[in-house]
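The structure appears below as structure tokens.
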Amino acid sequence: MDERGNRENDFLNQRTRQQGTVRRPGSSDQRPGSSGTGEYRISGSRETTQHDESWRGMSSRNPSASYTQDGKEWSRVNAGNRQRIGGTGTEPMRNGSTNSGSSRSGSANAGGNRSRNVSRSRGSAGAQPGGQRPKRRSSRARRRRRNLLIRMFLLIAVIVGIAGGVFIWQRYGPSKEKADLEQYYGLTGEDSLALVVNDQVIKGEDSGHVVGKMIDGEPYIEYSVVRKFINERFYWDPNESVMLYTLPNGNVSVTVGSKEYTEVTEKKSEDFIILKTEGRTAYIALPFIQQYTNLDYSVYKNPDRVVVTSDWGKIQTSVLKRDTEVRYQGGVKSPILTEVRKADKVTVLEDEDDWKKVATADGFIGYVKTNALKKVVEEEISREFTEPEYTNISMNQTINMAWHNVDNAEANSYVLETIAGTKGLTTIAPTWFSIADTNGNINSLASSDYVNYAHQSNLDVWAVLRDFHGGINSYEETYEVLSYTSKRETLINQVIAAALQSGIDGINLDFELISEECGEHYIQFVRELSVKCRQNGLVFSVDNYVPQPYNGHYSLEEQGIMADYVVIMAYDEHTEGSYEAGSVASYGYVEQGIKDALKSVPKEKLVIGVPLYTRLWFETPKTDAEMDASEGEAANYANKVTSTAMGMDEAQQILQSAGVQAEWNDTDKQYYAEWEADGGVYKIWLEDTASLEEKLKLIKSNQLAGVAEWKLGWENSSIWDLILQYVN
């Protein structure tokens, strides 16, 4: 036996000594046509043998051919696999494919000769015992299934992630939606002009009209918007098509469609039409408004808008850290109004934590992220402008005025008797003037003799002008007079003439039939009358109810500028028409009236009217029929009430007759009494020295201009000494 045979016999003998002599075909073998070392694994042990390997006539074209080499026979049974001659097993081709099953057998004879047949059949259903191929295929299948599941899971995760990202972006990502600026500014029509006043967008619903118009390159603002948001002193008379502006010494007057106007007595003109109208609606040129108003304005395009500043003083500002958007509301989903650039300055209006409400210089009011702004700082803005000075007449003493109710000429002759028991009075106010008709004519009870008697008693006479107890006596009639410029002029001229003729010292205006619609006409009348009184050396005072929301159109603030004195009639808390019994002037009612009036009127001009009378109330339960007939607010009250006004002495007599003792009510700071009689209940809140002193304390503690009493003849003589202690 040659050397190769010896090696094979040695190897075979050694292999037969091992149990489970199984070798994995192709392990670490060299490929056909090469020589080297082959490594074999046998039942966990390893032997290495070196041999020469050669391949002869192997061809994929004859998969079943047999070959012989050195006495060993190898057969080709599977297409695509090449068998190695001289080895101990078969090796599949390294082409990435495997058989579905394999079988292998081997034996060794005692003489040292070994024959081995190895066969594979593709697609076989099983494997020989000890074979490794089924495990390898099962492992690879499991790996493929596992990898497929992983890939599917990753794909689903990616899809879910993308969907979640889209959802989060849609919900929390910033919107790029642009706001509809025409809707934002309330623009309607081609020539409509948006208006921003003191960082507030003014829309048509605020006035009921188009707020502004751009006409021939000039901005025009609707009259009611001017009054409400810019300067209430402008006045438009639609009945006589004239616009007025009251200066301390007279009116500025403008007619519709004209470039010319009159300032008191001087004729002037502009290079634009000052006043345009659409029906009864007036539009005033903004440059003309600026002449009489401390304001600045700028006009911008796309859309047409004008930005007006008329409030001066301290404001909060900040500078942008970066380019960003101003949104309609605080939130990234809110539509974008405009874009602002890094280093732009904005006015900060409100702080809402993550967002701040701001105003841009070009008229956008919206929100920016707080982190887009630098530190908020305070600065003061101002403009050079000379406000007109409305001078006043001051008496240089504490006022103690009493109204004298004069119903006829004969009553004037009792003036000396009327004032004989008084002490400390500075002024008497006879009710002399009333409006005779809706053309502005007056009825006058003025008497020069009365004035002379009063002057002899060191009393000034401020004659009262009323819109009731005369020829007219309704809200509609008062409106008819005051809403016409020519009628107001007639009324003023007649009053001033009568005052000068009788030698009186002042005019006390007591208009109580002013509807809300009439408010702007009434306050214009106050302005015009104040000018005439000032020009003629007459003290001008105006009477008012205690300030309430329903009488705000009396414009206490403007009265406080125009009038010399503003009188608050701090009584009639409960009146003849009230649905329940109550005090004429409780302490809290007077106290609150003073507090509210001081918000609008300087204390040195404020006079408080107090009552010298009280009301005796009679209260009875309503019958079922009366309850059914009650309407409106009256339906809320179960009792029917009536009352009678009476003076201080008469009230005391009533109590004595009833045998009733009044008790002090510390809340109302008045003596109160009630008793049953005549099928009902009588109630009375007394006005006397005790209740009056509490009111006088309020006047003195607030350092007001004085006190006024309604009315002479109803007082107890003891009250004059009391008043004298507080007002002088």
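We name chains A, B, ... following the order of the structure tokens; residues begin at 1 in each chain, and ligands are numbered from 1 as shown.
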Long-range neighbours of Leu612 in chain A as a list of chain:residue names, 9 Å cut-off, only C-alpha atoms, 2 positions minimum in chain: A:Val610, A:Thr614, A:Met646, A:Gly647, A:Met648, A:Glu687, A:Asp688, A:Leu692, A:Glu709, A:Trp710, A:Lys711, A:Leu712, A:Gly713, A:Trp714, A:Glu715, A:Asn716
Could you write those residues out with all heavy atoms, as a compact mmCIF listing (two decimals), in the first residue's frame?
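Contents of the output file result_39.txt:
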```
# COMPACT_ATOMS: atom_id res chain seq x y z
N VAL A 610 -78.81 119.14 49.83
CA VAL A 610 -79.40 118.33 50.89
C VAL A 610 -80.88 118.71 51.03
O VAL A 610 -81.28 119.83 50.70
CB VAL A 610 -78.66 118.52 52.23
CG1 VAL A 610 -77.22 118.04 52.10
CG2 VAL A 610 -78.73 119.98 52.68
N THR A 614 -89.00 115.78 54.18
CA THR A 614 -89.06 114.33 54.29
C THR A 614 -90.36 113.86 53.64
O THR A 614 -91.17 114.66 53.19
CB THR A 614 -88.99 113.87 55.75
OG1 THR A 614 -88.83 112.46 55.80
CG2 THR A 614 -90.25 114.28 56.52
N MET A 646 -93.19 116.73 53.03
CA MET A 646 -93.49 117.74 54.05
C MET A 646 -92.21 118.26 54.67
O MET A 646 -91.16 117.61 54.59
CB MET A 646 -94.39 117.14 55.13
CG MET A 646 -93.81 115.94 55.84
SD MET A 646 -94.97 115.18 57.02
CE MET A 646 -96.28 114.65 55.93
N GLY A 647 -92.30 119.45 55.26
CA GLY A 647 -91.16 120.06 55.90
C GLY A 647 -90.84 119.44 57.25
O GLY A 647 -91.56 118.56 57.75
N MET A 648 -89.76 119.93 57.84
CA MET A 648 -89.27 119.35 59.09
C MET A 648 -90.25 119.50 60.24
O MET A 648 -90.51 118.55 60.99
CB MET A 648 -87.93 119.99 59.45
CG MET A 648 -86.80 119.66 58.49
SD MET A 648 -85.25 120.48 58.98
CE MET A 648 -84.10 119.73 57.85
N GLU A 687 -85.82 113.93 58.32
CA GLU A 687 -84.72 114.85 58.06
C GLU A 687 -84.82 115.95 59.12
O GLU A 687 -85.82 116.66 59.20
CB GLU A 687 -84.82 115.44 56.66
CG GLU A 687 -84.59 114.45 55.53
CD GLU A 687 -83.16 113.93 55.47
OE1 GLU A 687 -82.28 114.49 56.17
OE2 GLU A 687 -82.91 112.95 54.74
N ASP A 688 -83.77 116.03 59.93
CA ASP A 688 -83.73 117.03 60.99
C ASP A 688 -82.28 117.42 61.23
O ASP A 688 -81.40 117.09 60.42
CB ASP A 688 -84.40 116.50 62.26
CG ASP A 688 -83.82 115.17 62.72
OD1 ASP A 688 -82.71 114.80 62.24
OD2 ASP A 688 -84.44 114.48 63.54
N LEU A 692 -79.09 115.90 59.18
CA LEU A 692 -78.40 116.90 58.38
C LEU A 692 -76.94 117.05 58.80
O LEU A 692 -76.05 117.23 57.95
CB LEU A 692 -79.12 118.23 58.49
CG LEU A 692 -78.59 119.37 57.64
CD1 LEU A 692 -78.59 119.01 56.16
CD2 LEU A 692 -79.40 120.65 57.88
N GLU A 709 -79.54 123.78 49.71
CA GLU A 709 -80.70 123.22 50.40
C GLU A 709 -81.97 123.38 49.56
O GLU A 709 -82.23 124.45 49.01
CB GLU A 709 -80.91 123.93 51.75
CG GLU A 709 -79.73 123.87 52.70
CD GLU A 709 -78.78 125.06 52.53
OE1 GLU A 709 -79.20 126.09 51.92
OE2 GLU A 709 -77.62 124.97 52.99
N TRP A 710 -82.70 122.28 49.48
CA TRP A 710 -84.02 122.32 48.83
C TRP A 710 -85.06 122.01 49.91
O TRP A 710 -85.02 120.95 50.51
CB TRP A 710 -84.13 121.29 47.71
CG TRP A 710 -85.51 121.27 47.11
CD1 TRP A 710 -86.53 120.42 47.43
CD2 TRP A 710 -86.02 122.14 46.12
NE1 TRP A 710 -87.65 120.70 46.71
CE2 TRP A 710 -87.36 121.77 45.88
CE3 TRP A 710 -85.50 123.23 45.41
CZ2 TRP A 710 -88.19 122.41 44.97
CZ3 TRP A 710 -86.31 123.86 44.49
CH2 TRP A 710 -87.65 123.46 44.27
N LYS A 711 -85.98 122.89 50.16
CA LYS A 711 -86.10 124.22 49.62
C LYS A 711 -86.42 125.17 50.77
O LYS A 711 -86.84 124.71 51.85
CB LYS A 711 -87.21 124.26 48.58
CG LYS A 711 -88.59 123.96 49.14
CD LYS A 711 -89.66 123.99 48.08
CE LYS A 711 -91.02 123.69 48.70
NZ LYS A 711 -92.13 123.89 47.77
N LEU A 712 -86.20 126.45 50.55
CA LEU A 712 -86.49 127.45 51.58
C LEU A 712 -87.97 127.39 51.98
O LEU A 712 -88.85 127.31 51.14
CB LEU A 712 -86.18 128.86 51.07
CG LEU A 712 -84.72 129.32 51.15
CD1 LEU A 712 -84.56 130.69 50.51
CD2 LEU A 712 -84.23 129.32 52.58
N GLY A 713 -88.20 127.46 53.31
CA GLY A 713 -89.56 127.42 53.84
C GLY A 713 -89.90 126.10 54.47
O GLY A 713 -90.87 126.00 55.22
N TRP A 714 -89.13 125.02 54.18
CA TRP A 714 -89.41 123.70 54.75
C TRP A 714 -88.46 123.37 55.93
O TRP A 714 -88.59 122.32 56.54
CB TRP A 714 -89.29 122.62 53.68
CG TRP A 714 -90.54 122.48 52.86
CD1 TRP A 714 -91.68 123.21 52.99
CD2 TRP A 714 -90.75 121.54 51.80
NE1 TRP A 714 -92.62 122.80 52.08
CE2 TRP A 714 -92.07 121.76 51.32
CE3 TRP A 714 -89.99 120.55 51.18
CZ2 TRP A 714 -92.64 121.02 50.27
CZ3 TRP A 714 -90.54 119.82 50.15
CH2 TRP A 714 -91.86 120.05 49.69
N GLU A 715 -87.56 124.24 56.22
CA GLU A 715 -86.56 123.95 57.23
C GLU A 715 -87.06 124.31 58.62
O GLU A 715 -87.95 125.15 58.78
CB GLU A 715 -85.27 124.72 56.93
CG GLU A 715 -85.30 126.21 57.27
CD GLU A 715 -85.99 127.06 56.21
OE1 GLU A 715 -86.56 126.50 55.24
OE2 GLU A 715 -85.96 128.30 56.36
N ASN A 716 -86.46 123.73 59.63
CA ASN A 716 -86.57 124.18 61.01
C ASN A 716 -85.49 125.23 61.23
O ASN A 716 -84.36 125.06 60.78
CB ASN A 716 -86.39 122.99 61.96
CG ASN A 716 -86.51 123.38 63.41
OD1 ASN A 716 -85.53 123.85 64.00
ND2 ASN A 716 -87.68 123.18 63.99
```
Can you check which parts of range 540-575 of chain A lie within 12 Å of range 615-639 of chain A? Per residue, the shortest pair of atoms and distance in Å to one decimal, counting only C-alpha atoms, sorted by chain and number, as CSV.
```
residue,atom,partner,partner_atom,distance
A:Tyr571,CA,A:Arg615,CA,11.4
A:Asp572,CA,A:Arg615,CA,9.9
A:Glu573,CA,A:Arg615,CA,11.0
A:His574,CA,A:Arg615,CA,8.8
A:Thr575,CA,A:Arg615,CA,8.4
```
DSSP-assigned helix (DSSP H, G or I) members of range 237-332 of chain A, reported as JSON, numbers by chain: {"A": [286, 287, 288, 289, 290, 291]}
Show which residues sit within 10 Å of range 548-550 of chain A, as a short mmCIF file (atom, residue, chain, number, x, y, z; two decimals) with all heavy atoms, in the first residue's frame. Count only C-alpha atoms, and ignore same-chain residues fewer than 6 positions away.
```
data_model
loop_
_atom_site.label_atom_id
_atom_site.label_comp_id
_atom_site.auth_asym_id
_atom_site.auth_seq_id
_atom_site.Cartn_x
_atom_site.Cartn_y
_atom_site.Cartn_z
N SER A 515 -83.14 112.96 27.86
CA SER A 515 -83.03 111.55 27.45
C SER A 515 -81.60 111.26 27.03
O SER A 515 -80.80 112.18 26.78
CB SER A 515 -83.99 111.26 26.29
OG SER A 515 -83.63 112.02 25.15
N GLU A 516 -81.29 109.98 26.92
CA GLU A 516 -79.95 109.60 26.47
C GLU A 516 -79.68 110.12 25.06
O GLU A 516 -78.57 110.56 24.75
CB GLU A 516 -79.78 108.09 26.53
CG GLU A 516 -78.37 107.62 26.22
CD GLU A 516 -78.19 106.14 26.47
OE1 GLU A 516 -79.15 105.47 26.92
OE2 GLU A 516 -77.07 105.64 26.21
N GLY A 593 -72.83 109.19 46.50
CA GLY A 593 -72.99 110.24 45.50
C GLY A 593 -71.80 111.18 45.46
O GLY A 593 -71.33 111.57 44.38
N ASP A 596 -68.72 109.27 43.89
CA ASP A 596 -68.81 109.11 42.44
C ASP A 596 -68.65 110.44 41.72
O ASP A 596 -68.02 110.50 40.65
CB ASP A 596 -70.14 108.47 42.07
CG ASP A 596 -70.24 107.01 42.51
OD1 ASP A 596 -69.18 106.40 42.74
OD2 ASP A 596 -71.37 106.51 42.63
N ALA A 597 -69.20 111.49 42.27
CA ALA A 597 -69.09 112.81 41.63
C ALA A 597 -67.65 113.29 41.61
O ALA A 597 -67.20 113.93 40.64
CB ALA A 597 -69.98 113.81 42.34
#
```
Can you check which parts of range 171-256 of chain A lie within 12 Å of range 341-349 of chain A? Per residue, the shortest pair of atoms and distance in Å to one decimal, counting only C-alpha atoms, sorted by chain and number, as JSON lines.
```
{"residue": "A:Asn198", "atom": "CA", "partner": "A:Thr347", "partner_atom": "CA", "distance": 10.6}
{"residue": "A:Asp199", "atom": "CA", "partner": "A:Leu349", "partner_atom": "CA", "distance": 8.3}
{"residue": "A:Gln200", "atom": "CA", "partner": "A:Leu349", "partner_atom": "CA", "distance": 10.3}
```
Preceding selection exported with C-alpha atoms as a PDB file, in the first residue's frame:
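What ended up in again.pdb:
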```pdb
ATOM      1  CA  ASN A 198     -54.977 104.331  21.215  1.00  0.00           C
ATOM      2  CA  ASP A 199     -54.221 100.677  20.451  1.00  0.00           C
ATOM      3  CA  GLN A 200     -57.871  99.763  19.949  1.00  0.00           C
TER       4      GLN A 200
END
```
Coordinates-based distance that separates CA of Leu509 in chain A from CA of Thr427 in chain A (Å, one decimal): 14.7 Å
Contact residues around range 176-193 of chain A with only C-alpha atoms at 8 Å, ignoring same-chain residues under 4 positions, as a list in words: Val201, Ile202, Lys203, Gly204, Val210, Val211, Gly212, Lys213, Met214, Ile215, Pro219, Pro303, Asp304, Arg305, Val306, Tyr328, Ser334, Pro335, Ile336 and Leu337 of chain A
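Note that CA of Gln652 in chain A and CA of Ala402 in chain A are 22.1 Å apart.
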Test item, strand (DSSP E or B) assignment across range 314-390 of chain A, answer as an MDAnalysis selection string: chainID A and resid 314:320 324:327 336:340 345:352 355:359 365:369 373 377:381
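If you look at CA of Glu352 in chain A and CA of Val377 in chain A, they are 16.6 Å away from each other.
The closest residue to Glu558 in chain A, picked from A:Arg527, A:Gly577, A:Tyr479, A:Ala497 and counting only C-alpha atoms, is A:Arg527.
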Test item: residues at most 8 Å from Phe468 in chain A, only C-alpha atoms, excluding those fewer than 5 positions along its chain, as a PyMOL selection string: chain A and resi 434-435+473-474+511-513
Residue nearest Ala645 in chain A among A:Ile496, A:Val584, A:Ala658, A:Ile381 (counting only C-alpha atoms): A:Val584
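Take the candidates A:Thr265, A:Thr293, A:Asp543, A:Val464 and check each one against Phe229 in chain A using only C-alpha atoms; the shortest distance goes to A:Thr293.
Distance check against Glu480 in chain A using only C-alpha atoms: of A:Ile492, A:Ala359, A:Cys518, A:Val160, the minimum falls on A:Cys518.
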Non-local contacts of range 224-227 of chain A (9 Å; only C-alpha atoms; under 6 positions in same chain excluded) as a PyMOL selection string: chain A and resi 202+206-209+211-212+233-236+281-282+284+289
Include N, CA, C and O atoms and write out the residues we just selected as a CSV table (one decimal), in the first residue's frame.
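What landed in selection_14.csv:
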```csv
chain,number,residue,atom,x,y,z
A,202,ILE,N,-61.2,100.1,16.1
A,202,ILE,CA,-62.6,100.6,16.1
A,202,ILE,C,-63.4,100.1,14.9
A,202,ILE,O,-63.0,100.3,13.8
A,206,ASP,N,-69.3,99.5,16.7
A,206,ASP,CA,-69.2,100.5,17.8
A,206,ASP,C,-69.9,101.8,17.6
A,206,ASP,O,-70.2,102.5,18.5
A,207,SER,N,-70.2,102.1,16.3
A,207,SER,CA,-70.8,103.4,16.0
A,207,SER,C,-72.1,103.2,15.2
A,207,SER,O,-72.9,104.1,15.2
A,208,GLY,N,-72.3,102.0,14.6
A,208,GLY,CA,-73.4,101.8,13.7
A,208,GLY,C,-73.2,102.3,12.3
A,208,GLY,O,-74.1,102.3,11.5
A,209,HIS,N,-72.0,102.9,12.0
A,209,HIS,CA,-71.7,103.4,10.7
A,209,HIS,C,-70.3,103.0,10.3
A,209,HIS,O,-69.5,102.4,11.1
A,211,VAL,N,-66.7,103.5,10.0
A,211,VAL,CA,-66.0,104.4,10.9
A,211,VAL,C,-65.1,105.4,10.2
A,211,VAL,O,-64.8,106.5,10.8
A,212,GLY,N,-64.6,105.1,9.1
A,212,GLY,CA,-63.8,106.0,8.4
A,212,GLY,C,-63.8,105.8,6.9
A,212,GLY,O,-64.2,104.8,6.4
A,233,ARG,N,-65.8,117.0,22.1
A,233,ARG,CA,-66.2,118.4,22.0
A,233,ARG,C,-66.7,118.8,20.6
A,233,ARG,O,-67.4,119.8,20.5
A,234,PHE,N,-66.4,117.9,19.6
A,234,PHE,CA,-67.0,118.2,18.3
A,234,PHE,C,-68.5,117.9,18.4
A,234,PHE,O,-68.9,116.9,19.0
A,235,TYR,N,-69.2,118.7,17.7
A,235,TYR,CA,-70.7,118.6,17.8
A,235,TYR,C,-71.3,118.7,16.4
A,235,TYR,O,-71.0,119.7,15.6
A,236,TRP,N,-72.1,117.8,16.0
A,236,TRP,CA,-72.8,117.8,14.7
A,236,TRP,C,-74.3,118.0,14.8
A,236,TRP,O,-74.9,117.2,15.5
A,281,THR,N,-75.4,111.3,8.3
A,281,THR,CA,-74.1,110.9,8.9
A,281,THR,C,-73.0,111.8,8.4
A,281,THR,O,-72.9,112.0,7.2
A,282,ALA,N,-72.2,112.3,9.4
A,282,ALA,CA,-71.2,113.3,9.0
A,282,ALA,C,-69.8,112.6,9.2
A,282,ALA,O,-69.6,111.8,10.1
A,284,ILE,N,-65.7,113.8,9.4
A,284,ILE,CA,-64.8,115.0,9.6
A,284,ILE,C,-63.4,114.7,9.2
A,284,ILE,O,-62.9,113.6,9.5
A,289,ILE,N,-59.5,117.7,12.6
A,289,ILE,CA,-59.7,117.3,14.0
A,289,ILE,C,-58.4,117.5,14.8
A,289,ILE,O,-58.4,118.0,16.0
```
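Distance check against Pro287 in chain A using only C-alpha atoms: of A:Lys333, A:Glu650, A:Gly217, A:Val319, the minimum falls on A:Gly217.
Take the candidates A:Asn408, A:Thr642, A:Thr309, A:Asn400 and check each one against Ala708 in chain A using only C-alpha atoms; the shortest distance goes to A:Asn400.
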Contact residues around Leu686 in chain A with only C-alpha atoms at 7 Å, ignoring same-chain residues under 3 positions, as number ranges by chain: A: 614, 670-672
